[in-house]
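Structure file my_file.pdb (PDB, C-alpha atoms and all ligand atoms) is printed below.
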ATOM      1  CA  MET A   1      71.646  84.438  62.414
ATOM      2  CA  ALA A   2      75.034  82.835  63.059
ATOM      3  CA  ASN A   3      77.884  83.644  60.711
ATOM      4  CA  ALA A   4      78.744  80.885  58.252
ATOM      5  CA  LEU A   5      82.370  81.166  59.270
ATOM      6  CA  GLU A   6      84.141  83.171  61.904
ATOM      7  CA  LEU A   7      87.871  83.256  62.551
ATOM      8  CA  THR A   8      89.101  85.387  65.428
ATOM      9  CA  ALA A   9      92.752  86.372  65.835
ATOM     10  CA  VAL A  10      93.941  83.118  64.263
ATOM     11  CA  SER A  11      97.697  82.552  64.117
ATOM     12  CA  LYS A  12      99.629  79.479  63.066
ATOM     13  CA  ARG A  13     103.342  78.962  63.450
ATOM     14  CA  TYR A  14     105.492  76.136  62.135
ATOM     15  CA  GLY A  15     108.734  76.599  64.035
ATOM     16  CA  GLN A  16     110.134  79.900  62.775
ATOM     17  CA  THR A  17     107.550  80.139  59.956
ATOM     18  CA  SER A  18     104.494  82.243  60.602
ATOM     19  CA  ALA A  19     101.890  80.702  58.278
ATOM     20  CA  LEU A  20      99.034  82.867  59.636
ATOM     21  CA  ASP A  21      99.359  85.969  61.755
ATOM     22  CA  GLY A  22      96.327  87.375  63.569
ATOM     23  CA  VAL A  23      93.678  86.659  60.930
ATOM     24  CA  ASP A  24      90.096  87.819  61.552
ATOM     25  CA  LEU A  25      87.442  86.730  59.082
ATOM     26  CA  THR A  26      83.662  86.834  59.292
ATOM     27  CA  ALA A  27      81.665  85.251  56.470
ATOM     28  CA  GLU A  28      77.946  85.949  56.473
ATOM     29  CA  GLN A  29      75.557  83.320  55.182
ATOM     30  CA  GLY A  30      74.782  83.576  51.477
ATOM     31  CA  GLN A  31      78.181  84.944  50.484
ATOM     32  CA  THR A  32      80.685  83.558  48.008
ATOM     33  CA  ILE A  33      84.152  84.390  49.251
ATOM     34  CA  ALA A  34      87.416  83.961  47.370
ATOM     35  CA  VAL A  35      90.654  83.631  49.302
ATOM     36  CA  LEU A  36      93.537  84.834  47.162
ATOM     37  CA  GLY A  37      97.250  85.103  47.746
ATOM     38  CA  PRO A  38     100.629  84.113  46.346
ATOM     39  CA  ASN A  39     102.076  80.629  46.936
ATOM     40  CA  GLY A  40     102.755  80.158  50.618
ATOM     41  CA  ALA A  41     100.504  83.061  51.675
ATOM     42  CA  GLY A  42      98.565  80.827  54.064
ATOM     43  CA  LYS A  43      95.385  80.015  52.106
ATOM     44  CA  SER A  44      95.377  76.255  52.719
ATOM     45  CA  THR A  45      96.374  76.778  56.340
ATOM     46  CA  LEU A  46      93.461  79.185  56.791
ATOM     47  CA  LEU A  47      90.964  76.743  55.274
ATOM     48  CA  SER A  48      92.322  73.804  57.291
ATOM     49  CA  ILE A  49      92.028  75.740  60.544
ATOM     50  CA  ALA A  50      88.545  76.948  59.592
ATOM     51  CA  LEU A  51      87.561  73.278  59.153
ATOM     52  CA  GLY A  52      89.139  72.145  62.417
ATOM     53  CA  LEU A  53      91.561  69.886  60.532
ATOM     54  CA  LEU A  54      94.553  71.820  61.855
ATOM     55  CA  PRO A  55      94.797  73.358  65.323
ATOM     56  CA  PRO A  56      95.683  77.072  65.377
ATOM     57  CA  THR A  57      98.631  78.170  67.523
ATOM     58  CA  SER A  58      96.251  80.808  68.884
ATOM     59  CA  GLY A  59      92.802  82.159  68.069
ATOM     60  CA  THR A  60      89.465  80.487  67.445
ATOM     61  CA  ALA A  61      87.315  79.260  64.559
ATOM     62  CA  ALA A  62      83.558  78.689  64.393
ATOM     63  CA  ILE A  63      81.236  77.421  61.672
ATOM     64  CA  LEU A  64      77.568  78.418  61.911
ATOM     65  CA  GLY A  65      78.101  79.026  65.614
ATOM     66  CA  HIS A  66      79.670  75.613  66.283
ATOM     67  CA  PRO A  67      83.253  74.496  66.801
ATOM     68  CA  PRO A  68      84.416  73.357  63.319
ATOM     69  CA  VAL A  69      84.708  69.654  64.174
ATOM     70  CA  GLU A  70      81.146  69.641  65.517
ATOM     71  CA  ALA A  71      79.882  71.439  62.397
ATOM     72  CA  LEU A  72      81.561  68.781  60.246
ATOM     73  CA  ARG A  73      80.017  66.037  62.355
ATOM     74  CA  LYS A  74      76.590  67.601  61.943
ATOM     75  CA  GLY A  75      77.044  67.536  58.165
ATOM     76  CA  LEU A  76      76.861  71.318  57.845
ATOM     77  CA  VAL A  77      80.021  71.564  55.770
ATOM     78  CA  GLY A  78      81.104  70.189  52.395
ATOM     79  CA  VAL A  79      84.830  70.106  51.800
ATOM     80  CA  LEU A  80      87.147  69.828  48.819
ATOM     81  CA  LEU A  81      90.831  69.840  49.672
ATOM     82  CA  GLN A  82      93.766  69.946  47.264
ATOM     83  CA  GLU A  83      94.571  66.536  45.837
ATOM     84  CA  SER A  84      92.828  64.645  48.632
ATOM     85  CA  GLY A  85      93.059  60.886  48.199
ATOM     86  CA  LEU A  86      90.148  58.813  46.892
ATOM     87  CA  LEU A  87      89.456  55.091  47.256
ATOM     88  CA  GLU A  88      90.763  53.507  44.052
ATOM     89  CA  ASP A  89      88.861  50.226  43.903
ATOM     90  CA  VAL A  90      85.270  51.415  44.126
ATOM     91  CA  ARG A  91      82.967  52.813  41.482
ATOM     92  CA  VAL A  92      82.241  56.542  41.458
ATOM     93  CA  ASP A  93      78.536  56.060  42.220
ATOM     94  CA  GLU A  94      79.354  53.597  45.049
ATOM     95  CA  LEU A  95      81.683  56.096  46.719
ATOM     96  CA  VAL A  96      79.220  58.971  46.426
ATOM     97  CA  THR A  97      76.366  56.762  47.702
ATOM     98  CA  ALA A  98      78.458  55.594  50.684
ATOM     99  CA  THR A  99      79.363  59.197  51.498
ATOM    100  CA  ALA A 100      75.694  60.218  51.237
ATOM    101  CA  GLY A 101      74.981  57.676  53.983
ATOM    102  CA  MET A 102      77.120  59.699  56.393
ATOM    103  CA  TYR A 103      74.804  62.723  56.166
ATOM    104  CA  GLN A 104      71.381  63.257  57.681
ATOM    105  CA  LYS A 105      69.863  64.984  54.657
ATOM    106  CA  PRO A 106      72.014  64.290  51.605
ATOM    107  CA  MET A 107      70.998  65.366  48.139
ATOM    108  CA  PRO A 108      70.085  62.559  45.691
ATOM    109  CA  VAL A 109      73.257  60.846  44.425
ATOM    110  CA  GLU A 110      72.265  61.445  40.785
ATOM    111  CA  ARG A 111      71.911  65.155  41.450
ATOM    112  CA  ALA A 112      75.355  65.463  43.056
ATOM    113  CA  LEU A 113      76.914  63.486  40.193
ATOM    114  CA  ARG A 114      75.166  65.646  37.615
ATOM    115  CA  ALA A 115      76.061  68.921  39.345
ATOM    116  CA  ALA A 116      79.719  67.836  39.391
ATOM    117  CA  ARG A 117      79.483  66.554  35.791
ATOM    118  CA  ALA A 118      80.526  63.126  37.076
ATOM    119  CA  ASP A 119      77.351  61.402  35.850
ATOM    120  CA  GLY A 120      78.949  60.363  32.556
ATOM    121  CA  PHE A 121      81.426  58.030  34.279
ATOM    122  CA  ALA A 122      79.461  57.082  37.396
ATOM    123  CA  ALA A 123      79.963  53.345  36.818
ATOM    124  CA  GLN A 124      83.758  53.605  36.371
ATOM    125  CA  ARG A 125      86.241  52.519  38.989
ATOM    126  CA  ILE A 126      88.033  55.500  40.484
ATOM    127  CA  GLY A 127      91.432  53.977  39.764
ATOM    128  CA  LYS A 128      90.732  54.363  36.035
ATOM    129  CA  LEU A 129      89.815  58.056  36.092
ATOM    130  CA  SER A 130      91.787  61.008  34.737
ATOM    131  CA  GLY A 131      92.921  63.875  36.986
ATOM    132  CA  GLY A 132      90.051  66.128  35.948
ATOM    133  CA  GLN A 133      87.520  63.317  36.411
ATOM    134  CA  ARG A 134      88.850  62.715  39.928
ATOM    135  CA  GLN A 135      88.402  66.389  40.676
ATOM    136  CA  ARG A 136      84.767  66.095  39.557
ATOM    137  CA  VAL A 137      84.326  63.195  41.987
ATOM    138  CA  ARG A 138      85.776  65.368  44.795
ATOM    139  CA  ILE A 139      83.221  68.038  43.891
ATOM    140  CA  ALA A 140      80.382  65.500  44.008
ATOM    141  CA  LEU A 141      81.610  64.399  47.457
ATOM    142  CA  ALA A 142      81.708  68.022  48.663
ATOM    143  CA  LEU A 143      78.132  68.560  47.447
ATOM    144  CA  ILE A 144      76.478  65.280  48.424
ATOM    145  CA  GLY A 145      75.651  66.325  52.006
ATOM    146  CA  ASP A 146      73.774  69.378  50.659
ATOM    147  CA  PRO A 147      75.851  71.448  53.101
ATOM    148  CA  ARG A 148      75.196  74.940  54.412
ATOM    149  CA  LEU A 149      78.871  75.852  53.915
ATOM    150  CA  LEU A 150      81.134  74.729  51.085
ATOM    151  CA  VAL A 151      84.886  75.055  51.623
ATOM    152  CA  LEU A 152      86.842  74.482  48.430
ATOM    153  CA  ASP A 153      90.627  74.638  48.106
ATOM    154  CA  GLU A 154      91.503  75.366  44.463
ATOM    155  CA  PRO A 155      88.412  73.518  43.207
ATOM    156  CA  THR A 156      88.861  74.090  39.471
ATOM    157  CA  VAL A 157      92.444  72.855  39.141
ATOM    158  CA  GLY A 158      92.469  70.336  36.306
ATOM    159  CA  LEU A 159      88.835  70.974  35.335
ATOM    160  CA  ASP A 160      87.858  71.689  31.742
ATOM    161  CA  VAL A 161      85.524  74.515  30.741
ATOM    162  CA  ASP A 162      82.362  72.455  31.180
ATOM    163  CA  GLY A 163      83.430  71.226  34.633
ATOM    164  CA  ARG A 164      84.281  74.753  35.779
ATOM    165  CA  ARG A 165      81.062  76.210  34.454
ATOM    166  CA  ALA A 166      79.016  73.490  36.152
ATOM    167  CA  LEU A 167      80.739  74.046  39.487
ATOM    168  CA  TRP A 168      80.164  77.808  39.502
ATOM    169  CA  GLN A 169      76.575  77.348  38.389
ATOM    170  CA  GLU A 170      76.007  75.060  41.376
ATOM    171  CA  VAL A 171      77.792  77.430  43.777
ATOM    172  CA  ARG A 172      75.668  80.324  42.517
ATOM    173  CA  ALA A 173      72.435  78.367  42.910
ATOM    174  CA  ARG A 174      73.396  77.444  46.462
ATOM    175  CA  THR A 175      74.402  80.913  47.611
ATOM    176  CA  GLY A 176      71.147  82.145  46.053
ATOM    177  CA  GLU A 177      69.419  79.968  48.661
ATOM    178  CA  GLY A 178      71.428  81.536  51.501
ATOM    179  CA  ARG A 179      74.168  78.921  51.618
ATOM    180  CA  THR A 180      77.798  79.968  51.707
ATOM    181  CA  ALA A 181      80.901  79.127  49.699
ATOM    182  CA  VAL A 182      84.506  79.902  50.586
ATOM    183  CA  PHE A 183      87.122  78.988  48.005
ATOM    184  CA  ALA A 184      90.850  79.478  47.553
ATOM    185  CA  THR A 185      92.066  80.067  44.036
ATOM    186  CA  HIS A 186      94.970  81.269  41.937
ATOM    187  CA  TYR A 187      92.641  82.149  39.056
ATOM    188  CA  LEU A 188      91.869  85.800  39.581
ATOM    189  CA  THR A 189      89.189  85.747  36.891
ATOM    190  CA  GLU A 190      87.250  83.240  39.014
ATOM    191  CA  ALA A 191      87.359  85.584  41.972
ATOM    192  CA  ASP A 192      86.371  88.476  39.732
ATOM    193  CA  ASP A 193      83.506  86.564  38.123
ATOM    194  CA  TYR A 194      82.059  84.561  41.010
ATOM    195  CA  ALA A 195      83.027  86.003  44.391
ATOM    196  CA  ASP A 196      80.989  88.623  46.264
ATOM    197  CA  ARG A 197      84.021  89.249  48.344
ATOM    198  CA  VAL A 198      87.763  88.726  48.145
ATOM    199  CA  ILE A 199      90.127  88.111  51.029
ATOM    200  CA  LEU A 200      93.659  88.837  49.973
ATOM    201  CA  LEU A 201      96.362  87.112  52.008
ATOM    202  CA  ALA A 202     100.081  87.828  51.936
ATOM    203  CA  LYS A 203     102.640  86.320  54.286
ATOM    204  CA  GLY A 204      99.928  85.080  56.619
ATOM    205  CA  LYS A 205      98.112  88.390  56.976
ATOM    206  CA  VAL A 206      94.891  89.731  55.467
ATOM    207  CA  VAL A 207      96.062  92.656  53.319
ATOM    208  CA  ALA A 208      92.658  93.425  51.782
ATOM    209  CA  ASP A 209      89.093  92.280  52.386
ATOM    210  CA  GLY A 210      86.015  93.383  50.480
ATOM    211  CA  PRO A 211      84.092  93.242  47.209
ATOM    212  CA  VAL A 212      86.281  92.969  44.114
ATOM    213  CA  GLU A 213      85.487  96.578  43.187
ATOM    214  CA  LYS A 214      86.683  97.801  46.568
ATOM    215  CA  ILE A 215      89.921  95.852  46.247
ATOM    216  CA  LYS A 216      90.533  97.474  42.859
ATOM    217  CA  GLU A 217      89.799 100.903  44.320
ATOM    218  CA  LEU A 218      92.309 100.330  47.120
ATOM    219  CA  VAL A 219      95.026 100.347  44.523
ATOM    220  CA  GLY A 220      93.343 102.940  42.304
ATOM    221  CA  GLY A 221      94.881 104.962  39.479
ATOM    222  CA  SER A 222      95.791 103.393  36.163
ATOM    223  CA  GLU A 223      98.726 101.628  34.604
ATOM    224  CA  VAL A 224     101.013 102.561  31.740
ATOM    225  CA  HIS A 225     102.744  99.626  30.051
ATOM    226  CA  VAL A 226     105.781 100.524  27.962
ATOM    227  CA  THR A 227     108.661  98.736  26.254
ATOM    228  CA  LEU A 228     112.087 100.372  26.626
ATOM    229  CA  ASP A 229     115.558  99.187  25.633
ATOM    230  CA  ALA A 230     117.108 100.282  28.884
ATOM    231  CA  ALA A 231     115.621 102.308  31.665
ATOM    232  CA  GLU A 232     116.406 102.579  35.298
ATOM    233  CA  VAL A 233     113.546 101.986  37.674
ATOM    234  CA  GLY A 234     114.627 105.079  39.613
ATOM    235  CA  VAL A 235     114.207 107.297  36.528
ATOM    236  CA  LEU A 236     110.772 105.859  35.779
ATOM    237  CA  GLN A 237     109.777 106.224  39.411
ATOM    238  CA  ALA A 238     110.603 109.940  39.225
ATOM    239  CA  LEU A 239     108.246 110.619  36.283
ATOM    240  CA  PRO A 240     105.217 112.767  37.176
ATOM    241  CA  GLY A 241     102.250 110.890  38.635
ATOM    242  CA  VAL A 242     104.110 107.595  39.037
ATOM    243  CA  ARG A 243     103.486 105.777  42.319
ATOM    244  CA  GLN A 244     105.005 102.405  41.623
ATOM    245  CA  VAL A 245     107.118 100.705  38.965
ATOM    246  CA  ARG A 246     107.504  97.051  38.174
ATOM    247  CA  VAL A 247     109.273  95.256  35.363
ATOM    248  CA  GLU A 248     107.544  92.393  33.537
ATOM    249  CA  GLY A 249     109.793  90.773  30.944
ATOM    250  CA  GLY A 250     111.010  93.525  28.619
ATOM    251  CA  ALA A 251     108.218  95.897  29.599
ATOM    252  CA  ALA A 252     107.871  98.357  32.456
ATOM    253  CA  VAL A 253     104.538  98.844  34.166
ATOM    254  CA  LEU A 254     104.038 102.243  35.795
ATOM    255  CA  ARG A 255     101.182 102.711  38.248
ATOM    256  CA  THR A 256     100.197 106.331  38.014
ATOM    257  CA  ASN A 257      97.720 108.847  39.407
ATOM    258  CA  ASP A 258      97.970 110.986  36.267
ATOM    259  CA  SER A 259      98.463 108.917  33.122
ATOM    260  CA  ASP A 260      98.470 112.004  30.819
ATOM    261  CA  ALA A 261     101.377 113.641  32.664
ATOM    262  CA  THR A 262     103.220 110.315  32.931
ATOM    263  CA  LEU A 263     102.852 109.639  29.188
ATOM    264  CA  ARG A 264     104.029 113.129  28.205
ATOM    265  CA  ALA A 265     107.143 112.842  30.371
ATOM    266  CA  LEU A 266     107.755 109.272  29.244
ATOM    267  CA  PHE A 267     107.913 110.252  25.555
ATOM    268  CA  ALA A 268     109.994 113.369  26.345
ATOM    269  CA  THR A 269     112.526 111.328  28.328
ATOM    270  CA  PHE A 270     112.762 108.101  26.316
ATOM    271  CA  ALA A 271     113.086 108.319  22.524
ATOM    272  CA  ASP A 272     112.765 104.513  22.286
ATOM    273  CA  ALA A 273     109.492 104.226  24.258
ATOM    274  CA  ARG A 274     107.161 101.936  22.268
ATOM    275  CA  ASP A 275     104.224  99.499  22.546
ATOM    276  CA  VAL A 276     102.662 101.921  24.999
ATOM    277  CA  ARG A 277      99.229 101.145  26.379
ATOM    278  CA  THR A 278      97.252 102.257  29.386
ATOM    279  CA  ALA A 279      94.737 100.281  31.412
ATOM    280  CA  GLY A 280      92.533 100.783  34.446
ATOM    281  CA  THR A 281      93.241  98.737  37.552
ATOM    282  CA  ASP A 282      92.229  95.123  37.223
ATOM    283  CA  LEU A 283      92.217  92.516  39.953
ATOM    284  CA  GLU A 284      95.571  91.167  38.832
ATOM    285  CA  SER A 285      97.236  94.559  39.231
ATOM    286  CA  ALA A 286      95.586  95.029  42.617
ATOM    287  CA  PHE A 287      96.804  91.574  43.626
ATOM    288  CA  VAL A 288     100.392  92.327  42.601
ATOM    289  CA  SER A 289     100.341  95.721  44.249
ATOM    290  CA  LEU A 290      98.775  94.643  47.544
ATOM    291  CA  THR A 291     100.718  91.421  48.001
ATOM    292  CA  GLY A 292     104.057  93.065  47.353
ATOM    293  CA  GLY A 293     104.545  91.859  43.803
ATOM    294  CA  ASN A 294     104.877  88.139  44.482
TER
HETATM  295  N1  LIG B 301     103.194  71.179  57.622
HETATM  296  C1  LIG B 301     103.935  72.293  57.492
HETATM  297  N2  LIG B 301     105.137  72.392  58.102
HETATM  298  C2  LIG B 301     105.887  73.501  58.002
HETATM  299  N3  LIG B 301     105.521  74.598  57.296
HETATM  300  C3  LIG B 301     104.344  74.562  56.666
HETATM  301  C4  LIG B 301     103.483  73.398  56.723
HETATM  302  N4  LIG B 301     102.372  73.661  55.996
HETATM  303  C5  LIG B 301     102.528  74.911  55.505
HETATM  304  N5  LIG B 301     103.698  75.447  55.903
HETATM  305  C6  LIG B 301     104.194  76.805  55.579
HETATM  306  O1  LIG B 301     103.169  77.731  55.912
HETATM  307  C7  LIG B 301     103.084  78.760  54.929
HETATM  308  C8  LIG B 301     101.673  78.819  54.365
HETATM  309  O2  LIG B 301     101.418  77.626  53.613
HETATM  310  P1  LIG B 301     100.019  77.351  52.891
HETATM  311  O3  LIG B 301     100.087  75.965  52.309
HETATM  312  O4  LIG B 301      98.908  77.663  53.817
HETATM  313  O5  LIG B 301     100.033  78.447  51.719
HETATM  314  P2  LIG B 301      99.072  78.585  50.444
HETATM  315  O6  LIG B 301      98.715  80.027  50.375
HETATM  316  O7  LIG B 301      97.957  77.609  50.508
HETATM  317  O8  LIG B 301     100.062  78.229  49.271
HETATM  318  P3  LIG B 301      99.786  77.619  47.778
HETATM  319  O9  LIG B 301      99.222  78.747  46.974
HETATM  320  O10 LIG B 301     101.171  77.273  47.338
HETATM  321  O11 LIG B 301      98.875  76.435  47.911
HETATM  322  C9  LIG B 301     104.175  78.455  53.906
HETATM  323  O12 LIG B 301     105.294  79.222  54.248
HETATM  324  C10 LIG B 301     104.455  76.990  54.100
HETATM  325  O13 LIG B 301     105.783  76.700  53.786
END
Could you take the file, read its structure, and then write that structure out as structure tokens?
Amino acid sequence: MANALELTAVSKRYGQTSALDGVDLTAEQGQTIAVLGPNGAGKSTLLSIALGLLPPTSGTAAILGHPPVEALRKGLVGVLLQESGLLEDVRVDELVTATAGMYQKPMPVERALRAARADGFAAQRIGKLSGGQRQRVRIALALIGDPRLLVLDEPTVGLDVDGRRALWQEVRARTGEGRTAVFATHYLTEADDYADRVILLAKGKVVADGPVEKIKELVGGSEVHVTLDAAEVGVLQALPGVRQVRVEGGAAVLRTNDSDATLRALFATFADARDVRTAGTDLESAFVSLTGGN
């Protein structure tokens, strides 16, 4: 069975900027994959190259065994890009119906509208819609071809709770049937809740790739959060067990292999240590640690 998506040694340069640097990615059919990374990490560039919308400087991309442009032409892919333009003067149902006509085996228009929670304003002109309603229309357009692969760039931006829940319900139903979804997001909880696998990008490189649990394990240990009036990072770094220190507002966050030893030394060294709490590694901490704290 062909992979849903395969990127091999993909690099993209814009002048001096290296947007992607030797990225390999293989997505099997039936997976839901989240692409995470700080602003400018290369997520949109990766998705655009995967879709054949942007040529790589080097490397290759394939969708279900086809060159991306051919896969798009065959209607195998549904796409939602950030803030893509929509025709303003047509009704929502007219636009979705016209788009359905471009696919060989589209899903019924009503079903796509319902799945995207756009059925309540199907007769409205697009020009009159709110930002979140427009995003629902983009989702309906991504779904209408009943594609084997969905590629979604920050799909839940601007969506309310109901819209988000509906989207993930649809994605789950589709991957349950062996279809594939790849989405970029800044919402780590979405990756945690809905992705089988996370690809973590930083400065154009894949810094981690695997199930959410594996990504958390990569960082390992636990964290001690503490408020101090004044403390030098170097002193905190030297406490027993501590592997990494970062400062968040007035609090210091110590990543440690031995939270008991760290806590004992912390209280012995700093009389003003307060608001102390410890936590296991969550995806956010792993993200910060693996992407260099951006
Ligand atoms: N058309 C372009 N011309 C020049 N540089 C670009 C262009 N598009 C992207 N870049 C640069 O490539 C890098 C990756 O950008 P990209 O948009 O892929 O990041 P991203 O991870 O999607 O960011 P965000 O989270 O902000 O959406 C950035 O340094 C960006 O400035």
Shortest interatomic distance to Ala50 of chain A - which of A:Gly37, A:Gly15, A:Pro68, A:Gly85, counting all atoms listed in the file: A:Pro68
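Counting from atom CA of Trp168 of chain A, the distance to atom CA of Ala191 of chain A is 10.9 Å.
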Shell around Gln237 of chain A at 12 Å using all atoms listed in the file, local window under 5 positions removed, as a PyMOL selection string: chain A and resi 231-232+242-247+252-256+262+265-266
Å distance separating atom CA of Asp21 of chain A from atom CA of Leu64 of chain A, one decimal place: 23.1 Å
Nearby polymer residues, ligand LIG 301 (chain B), at most 7 Å, only C-alpha atoms and all ligand atoms, as a count of residues only: 15
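Summary of the local environment: counting all atoms listed in the file, residues at most 7 Å from Ser58 of chain A, other than itself and those fewer than 3 positions away along its chain, are Val10, Ser11 and Lys12 of chain A.
Closest to Thr291 of chain A among A:Leu228, A:Leu239, A:Val23, A:Val207 is A:Val207, based on all atoms listed in the file.
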Residues selected by the PyMOL selection byres (((chain A and resi 91) around 12) and not hetatm), written as a count of residues only: 25
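Among the candidates A:Val182, A:Ala112, A:Ala142, A:Val77, the one nearest to Leu47 of chain A when counting all atoms listed in the file is A:Val182.
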